[in-house]
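So this one's run_29.cif, mmCIF, C-alpha atoms:
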data_protein
loop_
_atom_site.group_PDB
_atom_site.id
_atom_site.type_symbol
_atom_site.label_atom_id
_atom_site.label_comp_id
_atom_site.auth_asym_id
_atom_site.auth_seq_id
_atom_site.Cartn_x
_atom_site.Cartn_y
_atom_site.Cartn_z
ATOM 1 C CA MET A 242 -63.851 26.241 44.778
ATOM 2 C CA ARG A 243 -63.746 27.415 48.394
ATOM 3 C CA ILE A 244 -65.422 30.796 48.845
ATOM 4 C CA LEU A 245 -65.634 32.891 52.010
ATOM 5 C CA LEU A 246 -68.767 35.041 51.857
ATOM 6 C CA ALA A 247 -68.861 37.981 54.296
ATOM 7 C CA GLU A 248 -72.307 39.571 54.389
ATOM 8 C CA ASP A 249 -74.112 41.038 57.410
ATOM 9 C CA ASP A 250 -77.550 40.857 55.785
ATOM 10 C CA VAL A 251 -78.650 37.335 56.756
ATOM 11 C CA SER A 252 -81.286 36.884 54.045
ATOM 12 C CA LEU A 253 -79.013 38.214 51.281
ATOM 13 C CA GLY A 254 -76.104 36.136 52.530
ATOM 14 C CA ASN A 255 -78.188 32.954 52.526
ATOM 15 C CA PHE A 256 -79.503 33.742 49.034
ATOM 16 C CA VAL A 257 -76.010 34.236 47.602
ATOM 17 C CA ARG A 258 -74.649 31.181 49.440
ATOM 18 C CA LYS A 259 -77.367 28.902 48.058
ATOM 19 C CA GLY A 260 -76.828 30.239 44.541
ATOM 20 C CA LEU A 261 -73.082 29.644 44.673
ATOM 21 C CA GLU A 262 -73.509 26.193 46.212
ATOM 22 C CA ALA A 263 -75.870 25.332 43.339
ATOM 23 C CA GLU A 264 -72.912 26.095 41.060
ATOM 24 C CA GLN A 265 -70.843 23.526 42.990
ATOM 25 C CA HIS A 266 -68.803 25.947 45.077
ATOM 26 C CA GLN A 267 -68.026 25.305 48.743
ATOM 27 C CA VAL A 268 -69.199 28.389 50.627
ATOM 28 C CA TYR A 269 -68.546 29.519 54.189
ATOM 29 C CA LEU A 270 -70.903 32.342 55.219
ATOM 30 C CA SER A 271 -69.947 34.826 57.940
ATOM 31 C CA HIS A 272 -71.985 37.774 59.205
ATOM 32 C CA ALA A 273 -69.341 39.581 61.314
ATOM 33 C CA GLY A 274 -65.917 41.026 60.580
ATOM 34 C CA ASP A 275 -64.063 39.364 63.439
ATOM 35 C CA GLU A 276 -65.301 35.969 62.225
ATOM 36 C CA VAL A 277 -63.944 36.781 58.757
ATOM 37 C CA ASP A 278 -60.570 37.709 60.251
ATOM 38 C CA PHE A 279 -60.471 34.382 62.096
ATOM 39 C CA GLN A 280 -61.354 32.374 58.982
ATOM 40 C CA LEU A 281 -58.697 34.121 56.916
ATOM 41 C CA SER A 282 -56.070 33.458 59.590
ATOM 42 C CA THR A 283 -56.827 29.733 59.840
ATOM 43 C CA GLN A 284 -58.028 28.666 56.391
ATOM 44 C CA GLU A 285 -57.194 29.127 52.724
ATOM 45 C CA TYR A 286 -59.907 30.273 50.338
ATOM 46 C CA ASP A 287 -60.014 30.695 46.583
ATOM 47 C CA LEU A 288 -62.106 33.855 46.854
ATOM 48 C CA LEU A 289 -63.443 36.318 49.431
ATOM 49 C CA ILE A 290 -66.749 38.062 48.684
ATOM 50 C CA LEU A 291 -66.635 41.013 51.057
ATOM 51 C CA ASP A 292 -69.439 43.295 52.177
ATOM 52 C CA LEU A 293 -68.030 46.539 53.579
ATOM 53 C CA ASN A 294 -70.626 47.148 56.294
ATOM 54 C CA LEU A 295 -69.762 44.325 58.683
ATOM 55 C CA PRO A 296 -70.225 44.553 62.443
ATOM 56 C CA ARG A 297 -67.238 44.668 64.826
ATOM 57 C CA VAL A 298 -64.614 44.840 62.036
ATOM 58 C CA ASP A 299 -65.605 46.520 58.762
ATOM 59 C CA GLY A 300 -64.689 45.341 55.291
ATOM 60 C CA VAL A 301 -62.155 48.092 54.636
ATOM 61 C CA GLN A 302 -60.172 47.060 57.729
ATOM 62 C CA ILE A 303 -60.309 43.409 56.690
ATOM 63 C CA LEU A 304 -59.070 44.198 53.183
ATOM 64 C CA ARG A 305 -56.256 46.383 54.500
ATOM 65 C CA ARG A 306 -55.150 43.733 57.020
ATOM 66 C CA MET A 307 -55.175 41.018 54.342
ATOM 67 C CA ARG A 308 -52.945 42.908 51.963
ATOM 68 C CA ASN A 309 -50.618 44.088 54.751
ATOM 69 C CA ALA A 310 -50.232 40.420 55.723
ATOM 70 C CA SER A 311 -49.451 39.492 52.081
ATOM 71 C CA ASN A 312 -52.675 37.500 51.792
ATOM 72 C CA ASN A 313 -53.304 37.493 48.034
ATOM 73 C CA THR A 314 -56.706 35.802 48.074
ATOM 74 C CA PRO A 315 -58.867 37.467 45.382
ATOM 75 C CA VAL A 316 -61.442 39.843 46.862
ATOM 76 C CA LEU A 317 -64.767 40.792 45.294
ATOM 77 C CA VAL A 318 -66.217 43.733 47.233
ATOM 78 C CA LEU A 319 -69.963 44.245 47.595
ATOM 79 C CA THR A 320 -70.636 47.914 48.181
ATOM 80 C CA ALA A 321 -73.416 50.493 48.145
ATOM 81 C CA ARG A 322 -70.828 53.167 47.370
ATOM 82 C CA SER A 323 -71.399 54.236 43.780
ATOM 83 C CA LYS A 324 -68.975 57.165 43.529
ATOM 84 C CA VAL A 325 -66.017 56.613 41.216
ATOM 85 C CA GLU A 326 -63.518 57.834 43.824
ATOM 86 C CA ASP A 327 -64.827 55.279 46.349
ATOM 87 C CA ARG A 328 -64.417 52.418 43.912
ATOM 88 C CA VAL A 329 -60.961 53.605 42.887
ATOM 89 C CA ALA A 330 -59.955 53.717 46.569
ATOM 90 C CA LEU A 331 -61.117 50.115 47.052
ATOM 91 C CA LEU A 332 -59.146 48.902 44.045
ATOM 92 C CA ASP A 333 -56.059 50.784 45.216
ATOM 93 C CA LEU A 334 -56.472 49.213 48.657
ATOM 94 C CA GLY A 335 -56.255 45.737 47.120
ATOM 95 C CA ALA A 336 -59.735 44.704 45.938
ATOM 96 C CA ASP A 337 -59.703 42.702 42.711
ATOM 97 C CA ASP A 338 -63.243 43.626 41.664
ATOM 98 C CA TYR A 339 -66.366 45.239 43.065
ATOM 99 C CA LEU A 340 -70.104 45.021 42.593
ATOM 100 C CA VAL A 341 -72.475 47.846 43.517
ATOM 101 C CA LYS A 342 -75.627 46.977 45.483
ATOM 102 C CA PRO A 343 -78.290 46.160 44.520
ATOM 103 C CA PHE A 344 -76.940 43.579 42.079
ATOM 104 C CA SER A 345 -78.193 40.616 40.084
ATOM 105 C CA PHE A 346 -77.000 37.159 41.033
ATOM 106 C CA SER A 347 -76.138 36.394 37.397
ATOM 107 C CA GLU A 348 -73.657 39.281 37.347
ATOM 108 C CA LEU A 349 -72.214 38.239 40.710
ATOM 109 C CA SER A 350 -71.823 34.693 39.427
ATOM 110 C CA ALA A 351 -70.064 35.893 36.249
ATOM 111 C CA ARG A 352 -67.632 38.024 38.259
ATOM 112 C CA VAL A 353 -66.947 35.089 40.596
ATOM 113 C CA ARG A 354 -66.176 32.838 37.628
ATOM 114 C CA ALA A 355 -63.823 35.446 36.157
ATOM 115 C CA LEU A 356 -61.877 35.819 39.402
ATOM 116 C CA LEU A 357 -61.699 32.072 39.972
ATOM 117 C CA ARG A 358 -60.361 31.497 36.457
ATOM 118 C CA ARG A 359 -57.429 33.729 37.330
ATOM 119 C CA ARG A 360 -56.972 31.904 40.639
ATOM 120 C CA ALA A 361 -57.405 28.391 39.269
ATOM 121 C CA LYS A 362 -54.605 25.985 40.112
ATOM 122 C CA PRO A 363 -54.299 22.216 39.736
ATOM 123 C CA ILE A 364 -55.765 20.185 42.570
ATOM 124 C CA GLU A 365 -53.300 17.680 43.980
ATOM 125 C CA ASP A 366 -54.281 14.116 43.123
ATOM 126 C CA THR A 367 -52.385 12.748 46.115
ATOM 127 C CA LEU A 368 -52.074 14.140 49.634
ATOM 128 C CA ARG A 369 -49.209 12.930 51.851
ATOM 129 C CA ILE A 370 -48.057 13.481 55.397
ATOM 130 C CA ALA A 371 -45.424 11.245 56.979
ATOM 131 C CA ASP A 372 -46.236 7.724 55.704
ATOM 132 C CA LEU A 373 -49.969 8.484 55.286
ATOM 133 C CA GLU A 374 -51.147 8.854 51.696
ATOM 134 C CA LEU A 375 -54.579 9.718 50.273
ATOM 135 C CA ASN A 376 -55.233 9.325 46.556
ATOM 136 C CA ARG A 377 -58.131 11.508 45.441
ATOM 137 C CA VAL A 378 -58.510 9.780 42.079
ATOM 138 C CA ASP A 379 -59.309 6.274 43.323
ATOM 139 C CA ARG A 380 -60.178 7.401 46.887
ATOM 140 C CA ARG A 381 -57.537 5.046 48.286
ATOM 141 C CA VAL A 382 -55.879 5.646 51.656
ATOM 142 C CA THR A 383 -52.700 3.907 52.824
ATOM 143 C CA ARG A 384 -50.301 4.232 55.715
ATOM 144 C CA GLY A 385 -46.904 2.624 55.503
ATOM 145 C CA GLY A 386 -48.093 1.027 52.260
ATOM 146 C CA LYS A 387 -51.025 -0.757 53.950
ATOM 147 C CA GLU A 388 -54.502 0.113 52.716
ATOM 148 C CA ILE A 389 -56.985 1.612 55.195
ATOM 149 C CA GLU A 390 -60.689 0.978 54.730
ATOM 150 C CA LEU A 391 -62.746 4.110 55.423
ATOM 151 C CA SER A 392 -66.434 4.936 55.237
ATOM 152 C CA PRO A 393 -67.390 7.839 52.899
ATOM 153 C CA LYS A 394 -67.677 10.254 55.834
ATOM 154 C CA GLU A 395 -64.401 9.084 57.383
ATOM 155 C CA TYR A 396 -62.711 9.590 54.012
ATOM 156 C CA ALA A 397 -64.172 13.098 53.649
ATOM 157 C CA LEU A 398 -62.999 14.025 57.141
ATOM 158 C CA LEU A 399 -59.492 12.689 56.557
ATOM 159 C CA GLU A 400 -59.263 14.453 53.184
ATOM 160 C CA TYR A 401 -60.232 17.751 54.859
ATOM 161 C CA LEU A 402 -57.648 17.283 57.615
ATOM 162 C CA MET A 403 -54.927 16.360 55.127
ATOM 163 C CA ALA A 404 -55.767 19.280 52.828
ATOM 164 C CA ASN A 405 -55.257 21.504 55.875
ATOM 165 C CA ALA A 406 -52.252 19.646 57.293
ATOM 166 C CA GLY A 407 -50.370 21.756 59.802
ATOM 167 C CA ARG A 408 -53.356 24.068 60.379
ATOM 168 C CA LYS A 409 -55.661 24.048 63.375
ATOM 169 C CA VAL A 410 -59.295 23.401 62.432
ATOM 170 C CA THR A 411 -62.241 23.855 64.767
ATOM 171 C CA ARG A 412 -65.161 21.476 65.185
ATOM 172 C CA THR A 413 -67.419 24.105 63.588
ATOM 173 C CA MET A 414 -65.200 24.286 60.510
ATOM 174 C CA ILE A 415 -65.249 20.507 60.202
ATOM 175 C CA LEU A 416 -69.042 20.364 60.533
ATOM 176 C CA GLU A 417 -69.514 22.991 57.841
ATOM 177 C CA ARG A 418 -66.956 21.544 55.412
ATOM 178 C CA VAL A 419 -67.450 17.797 55.858
ATOM 179 C CA TRP A 420 -71.119 17.545 56.803
ATOM 180 C CA GLN A 421 -72.158 20.745 55.002
ATOM 181 C CA HIS A 422 -75.059 21.259 57.371
ATOM 182 C CA SER A 423 -75.854 23.383 60.379
ATOM 183 C CA PHE A 424 -75.664 21.289 63.541
ATOM 184 C CA ASP A 425 -76.447 21.968 67.170
ATOM 185 C CA THR A 426 -73.128 23.094 68.652
ATOM 186 C CA GLY A 427 -73.626 20.475 71.364
ATOM 187 C CA THR A 428 -73.274 17.569 68.933
ATOM 188 C CA ASN A 429 -70.247 15.321 69.396
ATOM 189 C CA VAL A 430 -70.343 13.837 65.893
ATOM 190 C CA VAL A 431 -66.939 15.346 65.025
ATOM 191 C CA ASP A 432 -65.322 13.813 68.114
ATOM 192 C CA VAL A 433 -66.917 10.467 67.285
ATOM 193 C CA TYR A 434 -65.530 10.419 63.753
ATOM 194 C CA ILE A 435 -62.128 11.714 64.863
ATOM 195 C CA ASN A 436 -62.053 8.751 67.235
ATOM 196 C CA TYR A 437 -62.925 6.381 64.345
ATOM 197 C CA LEU A 438 -60.086 7.856 62.271
ATOM 198 C CA ARG A 439 -57.574 7.650 65.091
ATOM 199 C CA LYS A 440 -58.214 3.938 65.494
ATOM 200 C CA LYS A 441 -57.802 3.320 61.756
ATOM 201 C CA VAL A 442 -55.087 5.819 60.825
ATOM 202 C CA ASP A 443 -52.952 6.004 63.988
ATOM 203 C CA GLY A 444 -53.776 2.845 65.924
ATOM 204 C CA ASN A 445 -50.546 1.582 67.463
ATOM 205 C CA LEU A 446 -48.398 3.407 64.918
ATOM 206 C CA GLU A 447 -45.984 6.276 65.513
ATOM 207 C CA PRO A 448 -45.979 9.173 65.099
ATOM 208 C CA LYS A 449 -49.588 9.953 65.981
ATOM 209 C CA LEU A 450 -50.828 12.206 63.203
ATOM 210 C CA ILE A 451 -54.287 13.280 64.391
ATOM 211 C CA ARG A 452 -53.820 15.630 67.328
ATOM 212 C CA THR A 453 -56.118 17.496 69.672
ATOM 213 C CA VAL A 454 -55.552 21.223 70.131
ATOM 214 C CA ARG A 455 -57.111 22.021 73.493
ATOM 215 C CA GLY A 456 -59.862 24.621 73.332
ATOM 216 C CA VAL A 457 -59.638 24.797 69.534
ATOM 217 C CA GLY A 458 -60.209 21.513 67.708
ATOM 218 C CA TYR A 459 -57.809 19.301 65.791
ATOM 219 C CA ILE A 460 -54.750 19.325 63.602
ATOM 220 C CA LEU A 461 -53.134 16.728 61.343
ATOM 221 C CA SER A 462 -49.394 16.989 61.912
ATOM 222 C CA ASP A 463 -46.327 14.785 62.061
ATOM 223 C CA GLY A 464 -44.611 17.170 64.500
ATOM 224 C CA MET A 465 -44.540 16.785 68.265
ATOM 225 C CA GLU A 466 -45.464 20.354 69.179
ATOM 226 C CA PHE A 467 -49.121 19.654 69.960
ATOM 227 C CA SER A 468 -50.544 17.903 72.996
ATOM 228 C CA THR A 469 -52.026 14.461 72.504
ATOM 229 C CA ALA A 470 -53.045 14.045 76.123
ATOM 230 C CA ASP A 471 -56.664 13.379 75.252
ATOM 231 C CA SER A 472 -56.081 11.562 71.953
ATOM 232 C CA ASP A 473 -57.625 8.388 73.348
ATOM 233 C CA GLU A 474 -60.679 10.234 74.617
ATOM 234 C CA SER A 475 -63.815 8.288 73.804
ATOM 235 C CA PRO A 476 -67.068 10.194 73.149
ATOM 236 C CA LYS A 477 -70.003 9.238 75.283
ATOM 237 C CA ALA A 478 -72.486 8.717 72.488
ATOM 238 C CA ALA A 479 -72.343 7.614 68.883
ATOM 239 C CA PRO A 480 -73.961 9.654 66.105
ATOM 240 C CA SER A 481 -77.180 8.576 64.485
ATOM 241 C CA ALA A 482 -77.027 6.682 61.199
ATOM 242 C CA ALA A 483 -78.258 9.784 59.358
ATOM 243 C CA LEU A 484 -74.972 11.546 60.084
#

When written as structure tokens, how does the structure in this file appear?
Amino acid sequence: MRILLAEDDVSLGNFVRKGLEAEQHQVYLSHAGDEVDFQLSTQEYDLLILDLNLPRVDGVQILRRMRNASNNTPVLVLTARSKVEDRVALLDLGADDYLVKPFSFSELSARVRALLRRRAKPIEDTLRIADLELNRVDRRVTRGGKEIELSPKEYALLEYLMANAGRKVTRTMILERVWQHSFDTGTNVVDVYINYLRKKVDGNLEPKLIRTVRGVGYILSDGMEFSTADSDESPKAAPSAAL
């Protein structure tokens, strides 16, 4: 499951993230409210774990904005507020559950499982856009009925793009979701692998599906509303074999 964890305490955030990842969840950790707002506006998550005391935009504002925008992502609030009236106010504002600090990870994990059970929905076995098809069961990719051979990392990148078809994704998002590591922001590994995919998926075919969004990142779309001016851009250096 995809979980957005909003926690301004770096050590606590890293502790919770590692615990949830050990339970096979995909976790994006953010330490500031404006970053959380951006993630919620560009990505879909199965759960938001929300600390209230976030810098720049606090958790109450984030929760209010979500519900006003009809974003129904389940929200588990982490709060130091122990008064009944405070907790009632949070639930009335749209929180699905809350946990008072300090808390045990085992209780947090149990509450996460309970919320995700309510959220659970079947995962699509096949992703399609235009004549491009990705089968998650046998990890087979075809375009126009012709099979495309992809490396494991190319497949993971394409699956991420197709799961977010029509949405702009940044290089940072791709690094965190596909490589699941922290990289130097100067790395061009994403551009390198996007270039690999373009040659295999788009090639000489039309329409071009993998598009560059200037100043943002990439989008997989069969529409013509995004610029492809630099779609043939070749990165200057290839990634190391370890990537």

Any chance you could work out the residue set of the PyMOL selection byres ((chain A and resi 254) around 12) here, as an mmCIF file with C-alpha atoms, in the coordinates of the input?
data_model
loop_
_atom_site.group_PDB
_atom_site.id
_atom_site.type_symbol
_atom_site.label_atom_id
_atom_site.label_comp_id
_atom_site.auth_asym_id
_atom_site.auth_seq_id
_atom_site.Cartn_x
_atom_site.Cartn_y
_atom_site.Cartn_z
ATOM 1 C CA LEU A 245 -65.634 32.891 52.010
ATOM 2 C CA LEU A 246 -68.767 35.041 51.857
ATOM 3 C CA ALA A 247 -68.861 37.981 54.296
ATOM 4 C CA GLU A 248 -72.307 39.571 54.389
ATOM 5 C CA ASP A 249 -74.112 41.038 57.410
ATOM 6 C CA ASP A 250 -77.550 40.857 55.785
ATOM 7 C CA VAL A 251 -78.650 37.335 56.756
ATOM 8 C CA SER A 252 -81.286 36.884 54.045
ATOM 9 C CA LEU A 253 -79.013 38.214 51.281
ATOM 10 C CA ASN A 255 -78.188 32.954 52.526
ATOM 11 C CA PHE A 256 -79.503 33.742 49.034
ATOM 12 C CA VAL A 257 -76.010 34.236 47.602
ATOM 13 C CA ARG A 258 -74.649 31.181 49.440
ATOM 14 C CA LYS A 259 -77.367 28.902 48.058
ATOM 15 C CA GLY A 260 -76.828 30.239 44.541
ATOM 16 C CA LEU A 261 -73.082 29.644 44.673
ATOM 17 C CA VAL A 268 -69.199 28.389 50.627
ATOM 18 C CA TYR A 269 -68.546 29.519 54.189
ATOM 19 C CA LEU A 270 -70.903 32.342 55.219
ATOM 20 C CA SER A 271 -69.947 34.826 57.940
ATOM 21 C CA HIS A 272 -71.985 37.774 59.205
ATOM 22 C CA ALA A 273 -69.341 39.581 61.314
ATOM 23 C CA ILE A 290 -66.749 38.062 48.684
ATOM 24 C CA LEU A 291 -66.635 41.013 51.057
ATOM 25 C CA ASP A 292 -69.439 43.295 52.177
ATOM 26 C CA LEU A 319 -69.963 44.245 47.595
ATOM 27 C CA PHE A 346 -77.000 37.159 41.033
#

For stretch 242-244 of chain A, find every residue with an atom within 8 Å (counting only C-alpha atoms), except residues of its own chain fewer than 5 positions away, and show them as a PDB file with C-alpha atoms, in the coordinates of the input.
ATOM      1  CA  GLN A 265     -70.843  23.526  42.990  1.00  0.00           C
ATOM      2  CA  HIS A 266     -68.803  25.947  45.077  1.00  0.00           C
ATOM      3  CA  GLN A 267     -68.026  25.305  48.743  1.00  0.00           C
ATOM      4  CA  VAL A 268     -69.199  28.389  50.627  1.00  0.00           C
ATOM      5  CA  TYR A 269     -68.546  29.519  54.189  1.00  0.00           C
ATOM      6  CA  TYR A 286     -59.907  30.273  50.338  1.00  0.00           C
ATOM      7  CA  ASP A 287     -60.014  30.695  46.583  1.00  0.00           C
ATOM      8  CA  LEU A 288     -62.106  33.855  46.854  1.00  0.00           C
ATOM      9  CA  LEU A 289     -63.443  36.318  49.431  1.00  0.00           C
ATOM     10  CA  ILE A 290     -66.749  38.062  48.684  1.00  0.00           C
ATOM     11  CA  LEU A 357     -61.699  32.072  39.972  1.00  0.00           C
TER      12      LEU A 357
END

- [ ] Calculate how many Å separate atom CA of A:Leu375 from atom CA of A:Ile460, rounding to one decimal.
- [x]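 Calculated distance between atom CA of A:Leu375 and atom CA of A:Ile460 is 16.4 Å.
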
Open item on the list: Using the chain letters and numbers from this file, what does the PyMOL selection byres ((chain A and resi 377-386) around 10) select? Give the answer as a list in words.
Closed with: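 Against this file, the PyMOL selection byres ((chain A and resi 377-386) around 10) returns the residues Ile364, Glu365, Asp366, Thr367, Leu368, Arg369, Ile370, Ala371, Asp372, Leu373, Glu374, Leu375, Asn376, Lys387, Glu388, Ile389, Glu390, Leu391, Pro393, Tyr396, Ala397, Leu399, Glu400, Lys441, Val442, Asp443 and Leu446 of chain A.
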
- [ ] Would you work out the distance separating atom CA of A:Asp463 from atom CA of A:Thr411, expressed in Å to one decimal?
- [x] 18.5 Å

TODO: Quick one: pull the distance between atom CA of A:Ala336 and atom CA of A:Arg297, Å, one decimal.
DONE: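 These two atoms are separated by 20.3 Å.
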
Name the residues that the PyMOL selection byres ((chain A and resi 413) around 9) picks from the file above, as a PDB file with C-alpha atoms, keeping the file's coordinate frame, using the file's chain letters and numbers.
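Full text of part.pdb as output:
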ATOM      1  CA  VAL A 410     -59.295  23.401  62.432  1.00  0.00           C
ATOM      2  CA  THR A 411     -62.241  23.855  64.767  1.00  0.00           C
ATOM      3  CA  ARG A 412     -65.161  21.476  65.185  1.00  0.00           C
ATOM      4  CA  MET A 414     -65.200  24.286  60.510  1.00  0.00           C
ATOM      5  CA  ILE A 415     -65.249  20.507  60.202  1.00  0.00           C
ATOM      6  CA  LEU A 416     -69.042  20.364  60.533  1.00  0.00           C
ATOM      7  CA  GLU A 417     -69.514  22.991  57.841  1.00  0.00           C
ATOM      8  CA  ARG A 418     -66.956  21.544  55.412  1.00  0.00           C
ATOM      9  CA  PHE A 424     -75.664  21.289  63.541  1.00  0.00           C
ATOM     10  CA  THR A 426     -73.128  23.094  68.652  1.00  0.00           C
ATOM     11  CA  VAL A 431     -66.939  15.346  65.025  1.00  0.00           C
ATOM     12  CA  GLY A 458     -60.209  21.513  67.708  1.00  0.00           C
TER      13      GLY A 458
END

Open item on the list: Around the point (-57.0, 33.5, 60.7) (coordinates from the file), which residues reach within 12 Å if we count all atoms listed in the file? Answer as an NGL selection string.
Closed with: :A and (274-286 or 303 or 306-307 or 310 or 312 or 408-411)

Open item on the list: I need the residue nearest A:Gly335 from this list: A:Val318, A:Leu398, A:Ala355, A:Leu304. Use all atoms listed in the file for the distance.
Closed with: A:Leu304

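Considering the residues A:Gly456, A:Glu395, A:Asp333, A:Val341 and counting only C-alpha atoms, A:Asn436 has its shortest atom-to-atom contact with A:Glu395.
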
Open item on the list: Using only C-alpha atoms for the distances, tell me which of A:Ser311, A:Pro296, A:Val301, A:Ser347 is nearest to A:Asp327.
Closed with: A:Val301

Using all atoms of stretch 280-283 of chain A listed in the file and a margin of 4 Å per side, can you give the axis-aligned box centre and edge lengths in Å to one decimal, as JSON?
{"center_x": -58.7, "center_y": 31.9, "center_z": 58.4, "size_x": 13.3, "size_y": 12.4, "size_z": 10.9}

TODO: Return the single residue from A:Asp432, A:Asp299, A:Asp338, A:Glu326 that is closest to A:Arg354, with distances computed using only C-alpha atoms.
DONE: A:Asp338
